[in-house]
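With TSV, C-alpha atoms inside, this is start-v7.tsv:
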```tsv
chain	number	residue	atom	x	y	z
L	1	MET	CA	-49.95	-56.83	16.55
L	2	ILE	CA	-46.48	-55.66	15.54
L	3	VAL	CA	-45.01	-59.09	16.27
L	4	SER	CA	-47.71	-60.72	14.16
L	5	LEU	CA	-46.98	-58.31	11.31
L	6	VAL	CA	-43.25	-58.96	11.47
L	7	ALA	CA	-43.81	-62.73	11.60
L	8	SER	CA	-46.18	-62.57	8.64
L	9	GLY	CA	-43.64	-60.46	6.76
L	10	LEU	CA	-40.95	-63.09	7.35
L	11	PHE	CA	-43.21	-65.92	6.18
L	12	LEU	CA	-44.21	-63.84	3.12
L	13	PHE	CA	-40.53	-63.36	2.35
L	14	VAL	CA	-39.90	-67.14	2.61
L	15	LEU	CA	-42.91	-67.74	0.37
L	16	PHE	CA	-41.61	-65.26	-2.19
L	17	VAL	CA	-38.08	-66.67	-2.18
L	18	ALA	CA	-39.36	-70.24	-2.49
L	19	ALA	CA	-41.60	-69.19	-5.37
L	20	VAL	CA	-38.78	-67.64	-7.44
L	21	ARG	CA	-35.90	-69.92	-6.50
L	22	LYS	CA	-35.03	-73.12	-8.30
L	23	PHE	CA	-35.03	-76.23	-6.11
L	24	THR	CA	-33.36	-79.55	-6.76
L	25	PHE	CA	-36.62	-81.26	-5.87
L	26	LEU	CA	-40.01	-79.85	-6.74
L	27	GLY	CA	-41.38	-81.51	-3.61
L	28	LEU	CA	-39.11	-79.40	-1.42
L	29	LYS	CA	-40.28	-76.20	-3.12
L	30	ILE	CA	-43.91	-77.11	-2.51
L	31	ALA	CA	-43.15	-78.10	1.10
L	32	VAL	CA	-41.43	-74.77	1.86
L	33	MET	CA	-44.26	-72.79	0.23
L	34	LEU	CA	-46.89	-74.75	2.17
L	35	PHE	CA	-44.90	-74.20	5.35
L	36	ALA	CA	-44.77	-70.43	4.78
L	37	THR	CA	-48.45	-70.25	3.90
L	38	ALA	CA	-49.37	-72.23	7.01
L	39	GLY	CA	-47.12	-69.89	9.03
L	40	ILE	CA	-49.05	-66.83	7.90
L	41	PHE	CA	-52.35	-68.55	8.60
L	42	PHE	CA	-51.38	-69.61	12.13
L	43	VAL	CA	-49.94	-66.20	13.05
L	44	TRP	CA	-53.41	-64.72	12.59
L	45	ASN	CA	-55.29	-67.76	13.90
L	46	PRO	CA	-53.36	-68.92	16.98
L	47	ASP	CA	-56.35	-70.90	18.27
L	48	GLU	CA	-56.17	-73.08	15.16
L	49	MET	CA	-52.61	-73.97	16.13
L	50	ASN	CA	-53.88	-75.13	19.54
L	51	ARG	CA	-56.51	-77.25	17.84
L	52	LEU	CA	-53.92	-78.76	15.54
L	53	ALA	CA	-51.69	-79.48	18.55
L	54	ASN	CA	-54.51	-81.22	20.39
L	55	LEU	CA	-55.22	-83.23	17.27
L	56	VAL	CA	-51.72	-84.73	17.29
L	57	GLY	CA	-51.72	-85.15	21.07
L	58	VAL	CA	-49.69	-82.12	22.13
L	59	GLY	CA	-51.09	-79.82	24.82
L	60	ARG	CA	-50.46	-76.38	23.39
L	61	GLY	CA	-49.80	-74.90	19.98
L	62	ALA	CA	-46.62	-73.27	21.30
L	63	ASP	CA	-45.27	-76.70	22.30
L	64	LEU	CA	-45.99	-78.08	18.85
L	65	ILE	CA	-44.09	-75.17	17.31
L	66	THR	CA	-41.11	-75.89	19.58
L	67	TYR	CA	-41.04	-79.56	18.58
L	68	ALA	CA	-41.42	-78.74	14.89
L	69	THR	CA	-38.67	-76.11	15.06
L	70	THR	CA	-36.30	-78.54	16.78
L	71	LEU	CA	-36.96	-81.17	14.12
L	72	ILE	CA	-36.42	-78.71	11.26
L	73	LEU	CA	-33.23	-77.42	12.87
L	74	PHE	CA	-31.95	-80.99	13.27
L	75	LEU	CA	-32.66	-81.85	9.64
L	76	THR	CA	-30.97	-78.63	8.51
L	77	VAL	CA	-27.84	-79.47	10.50
L	78	VAL	CA	-27.74	-83.01	9.08
L	79	ALA	CA	-28.11	-81.62	5.55
L	80	ALA	CA	-25.30	-79.14	6.22
L	81	ILE	CA	-23.00	-81.91	7.49
L	82	ILE	CA	-23.71	-84.04	4.40
L	83	ARG	CA	-22.98	-81.05	2.15
L	84	GLU	CA	-19.73	-80.38	3.98
L	85	ARG	CA	-18.66	-84.03	3.63
L	86	ARG	CA	-19.36	-83.92	-0.09
L	87	SER	CA	-17.41	-80.73	-0.63
L	88	ASN	CA	-14.55	-82.21	1.43
L	89	ASP	CA	-14.52	-85.25	-0.84
L	90	VAL	CA	-14.44	-83.01	-3.89
L	91	LEU	CA	-11.60	-80.99	-2.39
L	92	THR	CA	-9.59	-84.16	-1.73
L	93	LEU	CA	-10.09	-85.36	-5.31
L	94	LEU	CA	-9.01	-81.97	-6.62
L	95	VAL	CA	-5.93	-81.81	-4.40
L	96	ARG	CA	-5.03	-85.40	-5.37
L	97	ARG	CA	-5.37	-84.74	-9.10
L	98	LEU	CA	-3.16	-81.66	-8.84
L	99	ALA	CA	-0.58	-83.48	-6.71
L	100	ILE	CA	-0.26	-86.29	-9.26
L	101	GLN	CA	-0.21	-83.95	-12.27
L	102	GLN	CA	2.47	-81.75	-10.73
L	103	ALA	CA	4.51	-84.52	-9.12
L	104	ARG	CA	8.24	-83.87	-8.97
L	105	PHE	CA	10.74	-86.52	-10.00
L	106	PRO	CA	14.24	-86.83	-8.53
L	107	GLY	CA	16.92	-85.60	-10.88
L	108	ALA	CA	14.50	-83.40	-12.81
L	109	GLU	CA	14.96	-80.12	-11.02
L	110	ASP	CA	13.21	-78.15	-13.76
L	111	ASN	CA	10.10	-80.10	-12.92
L	112	ARG	CA	9.34	-78.14	-9.78
L	113	GLY	CA	5.68	-77.88	-9.13
R	1	MET	CA	18.15	-91.15	-9.35
R	2	THR	CA	19.74	-92.48	-6.25
R	3	GLU	CA	21.50	-95.79	-6.58
R	4	GLY	CA	22.74	-97.20	-3.34
R	5	ALA	CA	25.51	-99.71	-3.05
R	6	ALA	CA	24.53	-100.77	0.43
R	7	ASP	CA	23.17	-104.07	-0.72
R	8	ASP	CA	23.78	-106.61	-3.42
R	9	MET	CA	20.10	-106.72	-4.27
R	10	PRO	CA	19.16	-104.63	-7.31
R	11	ARG	CA	16.46	-102.02	-7.09
R	12	GLU	CA	13.02	-103.30	-8.03
R	13	ASP	CA	11.45	-100.71	-10.31
R	14	THR	CA	7.94	-102.07	-10.00
R	15	LEU	CA	8.05	-102.12	-6.20
R	16	TRP	CA	6.83	-98.78	-4.90
R	17	PHE	CA	6.94	-97.47	-1.33
R	18	VAL	CA	4.20	-94.96	-0.61
R	19	ILE	CA	4.99	-92.59	2.25
R	20	ALA	CA	2.49	-90.02	3.49
R	21	ALA	CA	4.33	-87.17	5.20
R	22	PHE	CA	3.13	-84.13	7.08
R	23	ASN	CA	5.87	-81.94	8.51
R	24	GLU	CA	8.43	-84.77	8.61
R	25	GLY	CA	11.34	-82.56	7.50
R	26	PRO	CA	13.78	-83.76	10.17
R	27	MET	CA	13.31	-87.47	9.41
R	28	ILE	CA	12.03	-87.92	5.86
R	29	ALA	CA	15.35	-87.82	3.99
R	30	GLU	CA	16.79	-90.61	6.14
R	31	VAL	CA	13.68	-92.75	5.66
R	32	VAL	CA	13.69	-92.18	1.88
R	33	ARG	CA	17.40	-92.97	1.61
R	34	SER	CA	16.89	-96.24	3.46
R	35	VAL	CA	14.48	-97.34	0.72
R	36	THR	CA	15.74	-95.90	-2.59
R	37	PRO	CA	18.55	-98.42	-3.16
R	38	ARG	CA	15.98	-101.23	-3.14
R	39	ALA	CA	12.71	-99.80	-4.43
R	40	ARG	CA	11.00	-96.73	-5.87
R	41	VAL	CA	9.55	-94.20	-3.43
R	42	VAL	CA	6.77	-91.67	-3.68
R	43	VAL	CA	6.40	-89.24	-0.81
R	44	VAL	CA	3.07	-87.48	-0.60
R	45	ASP	CA	3.75	-84.16	1.08
R	46	ASP	CA	0.42	-83.54	2.76
R	47	GLY	CA	0.49	-79.75	2.86
R	48	SER	CA	3.54	-79.53	5.11
R	49	SER	CA	4.67	-76.11	6.24
R	50	ASP	CA	8.30	-77.24	6.49
R	51	ASP	CA	10.69	-78.52	3.79
R	52	THR	CA	9.44	-82.13	3.81
R	53	GLY	CA	8.88	-82.16	0.03
R	54	ASP	CA	12.30	-80.74	-0.88
R	55	GLN	CA	14.07	-83.05	1.56
R	56	ALA	CA	12.31	-86.09	0.12
R	57	LEU	CA	13.06	-85.05	-3.47
R	58	ALA	CA	16.73	-84.44	-2.70
R	59	ALA	CA	16.89	-87.88	-1.06
R	60	GLY	CA	15.66	-89.50	-4.26
R	61	ALA	CA	11.90	-89.83	-3.89
R	62	CYS	CA	9.20	-88.73	-6.27
R	63	VAL	CA	7.15	-86.09	-4.52
R	64	ALA	CA	3.44	-85.43	-4.96
R	65	THR	CA	2.33	-82.38	-3.04
R	66	HIS	CA	-1.09	-81.82	-1.51
R	67	LEU	CA	-1.58	-78.06	-1.65
R	68	VAL	CA	-3.68	-78.28	1.51
R	69	ASN	CA	-3.55	-80.86	4.27
R	70	ARG	CA	-6.05	-83.65	3.60
R	71	GLY	CA	-5.01	-86.25	6.15
R	72	GLN	CA	-3.02	-89.47	6.04
R	73	GLY	CA	-5.73	-91.55	4.39
R	74	ALA	CA	-6.08	-89.09	1.53
R	75	ALA	CA	-2.30	-88.85	1.15
R	76	LEU	CA	-1.88	-92.64	0.97
R	77	GLN	CA	-4.55	-92.89	-1.72
R	78	THR	CA	-2.76	-90.17	-3.71
R	79	GLY	CA	0.52	-92.07	-3.40
R	80	ILE	CA	-1.12	-95.36	-4.40
R	81	ASP	CA	-2.71	-93.73	-7.46
R	82	PHE	CA	0.66	-92.26	-8.40
R	83	ALA	CA	2.50	-95.57	-7.95
R	84	LEU	CA	-0.09	-97.46	-10.02
R	85	ALA	CA	0.20	-94.87	-12.78
R	86	GLN	CA	3.97	-95.43	-12.74
R	87	GLY	CA	3.44	-99.14	-13.28
R	88	ALA	CA	3.82	-100.48	-9.74
R	89	ASP	CA	3.06	-104.17	-9.34
R	90	LEU	CA	3.49	-104.07	-5.57
R	91	VAL	CA	2.70	-101.13	-3.31
R	92	VAL	CA	4.11	-100.79	0.21
R	93	THR	CA	2.60	-98.27	2.62
R	94	PHE	CA	5.37	-97.10	4.89
R	95	ASP	CA	5.47	-94.60	7.75
R	96	ALA	CA	7.43	-91.40	7.40
R	97	ASP	CA	8.76	-91.30	10.94
R	98	GLY	CA	11.27	-94.13	10.72
R	99	GLN	CA	9.46	-96.65	12.90
R	100	HIS	CA	9.30	-99.28	10.16
R	101	ASP	CA	12.11	-101.53	8.99
R	102	VAL	CA	12.88	-101.57	5.26
R	103	ASP	CA	14.20	-105.15	5.26
R	104	GLU	CA	10.99	-106.39	6.82
R	105	ALA	CA	8.96	-104.46	4.24
R	106	LEU	CA	10.99	-106.12	1.48
R	107	GLN	CA	10.44	-109.54	3.06
R	108	MET	CA	6.71	-108.80	3.10
R	109	ALA	CA	6.83	-107.76	-0.57
R	110	ALA	CA	8.68	-110.96	-1.48
R	111	ARG	CA	6.13	-113.01	0.45
R	112	CYS	CA	3.25	-111.23	-1.27
R	113	ARG	CA	4.75	-112.03	-4.66
R	114	ASP	CA	5.95	-115.57	-3.89
R	115	GLU	CA	2.74	-116.72	-2.23
R	116	GLY	CA	0.51	-114.91	-4.72
R	117	LEU	CA	-1.20	-112.91	-1.99
R	118	ASP	CA	-3.31	-109.76	-2.40
R	119	ALA	CA	-2.13	-108.17	0.82
R	120	VAL	CA	0.48	-108.69	3.52
R	121	LEU	CA	-0.16	-106.77	6.72
R	122	GLY	CA	2.50	-105.96	9.27
R	123	SER	CA	1.78	-107.08	12.81
R	124	ARG	CA	3.79	-105.76	15.69
R	125	PHE	CA	2.24	-108.33	18.00
R	126	LEU	CA	3.53	-111.24	15.94
R	127	GLY	CA	6.85	-109.44	15.79
R	128	ALA	CA	8.49	-107.11	18.25
R	129	THR	CA	8.05	-103.65	19.58
R	130	VAL	CA	10.83	-101.49	20.85
R	131	ASN	CA	9.98	-98.99	23.58
R	132	MET	CA	6.23	-99.28	23.15
R	133	PRO	CA	4.43	-97.39	25.90
R	134	ALA	CA	1.91	-99.48	27.86
R	135	SER	CA	-0.88	-96.97	27.21
R	136	ARG	CA	-0.42	-97.29	23.47
R	137	ARG	CA	-0.37	-101.09	23.68
R	138	LEU	CA	-3.71	-100.98	25.49
R	139	VAL	CA	-5.32	-98.65	22.94
R	140	ILE	CA	-4.11	-100.76	19.99
R	141	LYS	CA	-5.31	-103.97	21.64
R	142	ALA	CA	-8.74	-102.38	22.00
R	143	ALA	CA	-8.59	-101.34	18.33
R	144	VAL	CA	-7.69	-104.91	17.35
R	145	ILE	CA	-10.77	-106.27	19.13
R	146	PHE	CA	-12.94	-103.59	17.55
R	147	THR	CA	-11.52	-104.29	14.08
R	148	ARG	CA	-11.99	-108.06	14.46
R	149	LEU	CA	-15.62	-107.48	15.33
R	150	THR	CA	-16.31	-105.02	12.53
R	151	THR	CA	-14.34	-106.64	9.69
R	152	GLY	CA	-14.43	-110.31	10.64
R	153	LEU	CA	-10.69	-110.54	9.92
R	154	LYS	CA	-8.74	-112.54	12.49
R	155	LEU	CA	-6.03	-109.94	12.99
R	156	THR	CA	-3.44	-109.58	15.69
R	157	ASP	CA	-2.77	-105.89	14.97
R	158	ALA	CA	-4.69	-102.88	13.75
R	159	HIS	CA	-3.56	-99.45	12.72
R	160	ASN	CA	-0.21	-100.77	11.59
R	161	GLY	CA	0.98	-98.52	8.76
R	162	LEU	CA	3.20	-101.17	7.15
R	163	ARG	CA	1.28	-103.05	4.47
R	164	VAL	CA	2.02	-104.56	1.07
R	165	LEU	CA	-0.68	-104.59	-1.57
R	166	SER	CA	-0.61	-106.32	-4.93
R	167	ARG	CA	-1.40	-104.15	-7.94
R	168	GLU	CA	-4.88	-105.67	-8.17
R	169	ALA	CA	-5.58	-105.11	-4.47
R	170	ALA	CA	-4.25	-101.55	-4.63
R	171	ARG	CA	-6.58	-100.85	-7.55
R	172	LYS	CA	-9.60	-102.33	-5.81
R	173	ILE	CA	-9.15	-100.68	-2.43
R	174	ARG	CA	-10.33	-97.07	-2.39
R	175	ILE	CA	-9.50	-95.07	0.72
R	176	ARG	CA	-12.29	-92.60	1.29
R	177	GLN	CA	-11.54	-91.85	4.92
R	178	ASP	CA	-9.28	-88.83	4.59
R	179	ARG	CA	-8.03	-88.89	8.15
R	180	MET	CA	-6.80	-91.67	10.41
R	181	ALA	CA	-9.78	-94.02	10.13
R	182	HIS	CA	-8.36	-95.21	6.80
R	183	ALA	CA	-6.44	-97.96	8.62
R	184	SER	CA	-9.72	-99.62	9.65
R	185	GLU	CA	-11.20	-98.80	6.26
R	186	ILE	CA	-8.46	-100.66	4.38
R	187	LEU	CA	-9.00	-103.71	6.59
R	188	SER	CA	-12.76	-103.67	6.15
R	189	GLN	CA	-12.33	-103.44	2.37
R	190	ILE	CA	-9.87	-106.34	2.43
R	191	GLY	CA	-12.59	-108.30	4.23
R	192	ARG	CA	-15.40	-107.20	1.96
R	193	LEU	CA	-13.49	-107.74	-1.28
R	194	GLY	CA	-12.51	-111.22	-0.08
R	195	LEU	CA	-8.83	-110.52	-0.66
R	196	ASN	CA	-6.23	-113.14	0.11
R	197	TRP	CA	-4.18	-111.70	2.99
R	198	ARG	CA	-1.62	-112.75	5.59
R	199	GLU	CA	-0.06	-111.06	8.55
R	200	HIS	CA	3.69	-110.80	8.81
R	201	PRO	CA	5.66	-110.15	12.00
R	202	VAL	CA	7.32	-106.74	12.01
R	203	THR	CA	9.32	-104.68	14.43
R	204	ILE	CA	8.06	-101.23	15.26
R	205	THR	CA	10.63	-98.96	16.82
R	206	TYR	CA	9.19	-96.27	19.03
R	207	SER	CA	11.70	-93.47	19.13
R	208	ALA	CA	11.19	-90.15	20.87
R	209	TYR	CA	10.61	-88.69	17.40
R	210	SER	CA	7.97	-91.19	16.33
R	211	LEU	CA	6.20	-90.98	19.68
R	212	ALA	CA	5.98	-87.21	19.44
R	213	LYS	CA	4.73	-87.44	15.87
R	214	GLY	CA	2.55	-90.51	16.26
R	215	GLN	CA	-1.04	-90.79	17.23
R	216	LYS	CA	-2.15	-89.62	20.61
R	217	ILE	CA	-4.64	-91.66	22.59
R	218	SER	CA	-7.15	-88.84	22.18
R	219	ASN	CA	-6.97	-89.44	18.43
R	220	SER	CA	-8.58	-92.84	18.86
R	221	VAL	CA	-11.79	-91.11	19.86
R	222	ARG	CA	-11.73	-89.19	16.61
R	223	ILE	CA	-10.97	-92.35	14.61
R	224	LEU	CA	-13.94	-94.08	16.22
R	225	GLU	CA	-16.08	-91.06	15.38
R	226	ASP	CA	-14.93	-91.18	11.74
R	227	ILE	CA	-15.75	-94.88	11.54
R	228	LEU	CA	-19.18	-94.52	13.10
R	229	PHE	CA	-20.30	-91.28	11.50
R	230	GLY	CA	-17.97	-90.99	8.55
R	231	ALA	CA	-19.88	-93.27	6.18
R	232	ARG	CA	-20.42	-91.45	2.95
R	233	SER	CA	-23.65	-91.48	1.03
```
Exercise: express the given structure as structure tokens:
Amino acid sequence: MIVSLVASGLFLFVLFVAAVRKFTFLGLKIAVMLFATAGIFFVWNPDEMNRLANLVGVGRGADLITYATTLILFLTVVAAIIRERRSNDVLTLLVRRLAIQQARFPGAEDNRG
Amino acid sequence: MTEGAADDMPREDTLWFVIAAFNEGPMIAEVVRSVTPRARVVVVDDGSSDDTGDQALAAGACVATHLVNRGQGAALQTGIDFALAQGADLVVTFDADGQHDVDEALQMAARCRDEGLDAVLGSRFLGATVNMPASRRLVIKAAVIFTRLTTGLKLTDAHNGLRVLSREAARKIRIRQDRMAHASEILSQIGRLGLNWREHPVTITYSAYSLAKGQKISNSVRILEDILFGARS
């Protein structure tokens, strides 16, 4: 009972955050809100999760959750790597621009950057 | 400005040597001084913690400083951008550790200009190597085969830092691989852009200094990783 309450609370929190936050894509906002709503539903109706699992050919609901979690985790990591690459590219451009703007020329000692 | 009297040849003000340097304090001044009588030099100090930048400046190079280390690929692109902005019509990429020969670089530049080429690439396997360890030869040979397969260029060397690019080629090629995979990236862009290139025999001198500073075999794993997974969106 307590675990179910805590889990529902977490999903409610996700739902709330997704509802107020701005997303780059509206589709993502809807997906996260649907995910949280489904989470709350399945916490209180675990048998439905088993039925859903059987529907897609997985034995138990718990197994389906494991697979789904792994997939979501994987996608999150890929997104994080892409974000890191982009910010690295931006950093390089910034460092390059500064280096060229503040370049020092031989014989111009006052030009120290 | 440093004007050397070592040679009869005048300095070519539109020929720029681009040297990426990371903690090359002990060697950089000597390398810069070997070039300045004949061509302009820009050293990109890639966030060194030693006095690489000051040494290079005192030796007569222009110095562009990366405030944080971004890798050799990023540093070369910075140097190329700088040289182009200064009006370079030929750009030479040159190693900071003294393993390249200035006269050979100048021969390559002359060939690039005389034959109207877009790029002249140094090849140590057409030329000579001094004190090259067998393990490094093996790794580079493997890289050559890999590069031939991926770029379609019939090369005899890969990951040779000595190259000459025409102004047009230097403008077209954009190095986006910040780290060491840029060497393969430049070649693949030469292939994709359909540039007119030749290889030129060069001598690479492996000194104790350059071997200590140069790429370790373990780096090749990281280069491969950058090539395979480093493609940007």
ask   = Hey, what's within 7 Å of stretch 175-180 of chain R if we count only C-alpha atoms and toss same-chain stuff fewer than 4 positions away? As a VMD selection string, please?
value = chain R and resid 70 to 74 77 185 to 186 223
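Comparing the minimum interatomic distances between chain L and each of R:Pro10, R:Gly53, R:Pro201, R:Pro26, counting only C-alpha atoms, we find that R:Gly53 sits nearest.
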Pick out the chain L residues within 6 Å of chain R. Count all atoms listed in the file. Give them as a ChimeraX atom specification. /L:95-96,99-100,103-107
(message) Residues near L:Phe11, anyone? I mean within 9 Å using all atoms listed in the file, not counting same-chain ones fewer than 3 positions away, as a count of residues only.
(response) 12
Shell of 10 Å around stretch 113-116 of chain R, all atoms listed in the file, local chain residues under 3 positions omitted, as a PDB file with C-alpha atoms, keeping the file's coordinate frame:
```
ATOM      1  CA  ASP R  89       3.060-104.170  -9.340  1.00  0.00           C
ATOM      2  CA  LEU R  90       3.490-104.070  -5.570  1.00  0.00           C
ATOM      3  CA  GLN R 107      10.440-109.540   3.060  1.00  0.00           C
ATOM      4  CA  MET R 108       6.710-108.800   3.100  1.00  0.00           C
ATOM      5  CA  ALA R 109       6.830-107.760  -0.570  1.00  0.00           C
ATOM      6  CA  ALA R 110       8.680-110.960  -1.480  1.00  0.00           C
ATOM      7  CA  ALA R 119      -2.130-108.170   0.820  1.00  0.00           C
ATOM      8  CA  VAL R 120       0.480-108.690   3.520  1.00  0.00           C
ATOM      9  CA  VAL R 164       2.020-104.560   1.070  1.00  0.00           C
ATOM     10  CA  LEU R 165      -0.680-104.590  -1.570  1.00  0.00           C
ATOM     11  CA  SER R 166      -0.610-106.320  -4.930  1.00  0.00           C
ATOM     12  CA  ASN R 196      -6.230-113.140   0.110  1.00  0.00           C
ATOM     13  CA  TRP R 197      -4.180-111.700   2.990  1.00  0.00           C
ATOM     14  CA  ARG R 198      -1.620-112.750   5.590  1.00  0.00           C
TER      15      ARG R 198
END
```
Counting all atoms listed in the file, which residues sit no farther than 6 Å from the position (1.6, -97.2, 3.0) in the file's frame? I'd like them as a list of chain:residue names.
R:Val18, R:Ile19, R:Val92, R:Thr93, R:Phe94, R:Gly161, R:Leu162
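Here atom CA of L:Ala68 and atom CA of L:Arg86 stand 27.2 Å from one another.
Separating atom CA of L:Ile82 from atom CA of R:Ala158 is a distance of 28.4 Å.
The closest residue to L:Met33, picked from L:Glu48, L:Arg83, L:Leu64, L:Val17 and counting all atoms listed in the file, is L:Val17.
Separating atom CA of R:Arg137 from atom CA of R:Thr150 is a distance of 19.8 Å.
Using all atoms listed in the file, the shortest contact distance between L:Asn50 and any of L:Ala79, L:Leu28, L:Asp63, L:Leu91 is found at L:Asp63.
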L:Met1 proximity check over L:Ile72, L:Val43, L:Leu93, L:Leu52, using only C-alpha atoms: winner is L:Val43
Open item on the list: Applying 12 Å and all atoms listed in the file, which residues near R:Leu138 remain after dropping the ones on its own chain fewer than 5 positions away? List them as a PyMOL selection string.
Closed with: chain R and resi 132-133+143-145+157-158+217+220
(Q) Residues within 10 Å of R:Thr151, please, as a VMD selection string. Count all atoms listed in the file; anything in the same chain fewer than 6 positions from it doesn't count. (A) chain R and resid 184 to 192
First collect every listed atom of stretch 154-159 of chain R; then fit an axis-aligned box around them, widen it by 6 Å on each side, and give centre and edge lengths in Å to one decimal, as JSON.
```
{"center_x": -5.8, "center_y": -106.0, "center_z": 14.1, "size_x": 18.0, "size_y": 25.1, "size_z": 15.2}
```
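Residue nearest R:Gly98 within the list R:Ser48, R:Ser34, R:Thr14, R:Thr147: R:Ser34 [criterion: smallest interatomic distance, only C-alpha atoms].
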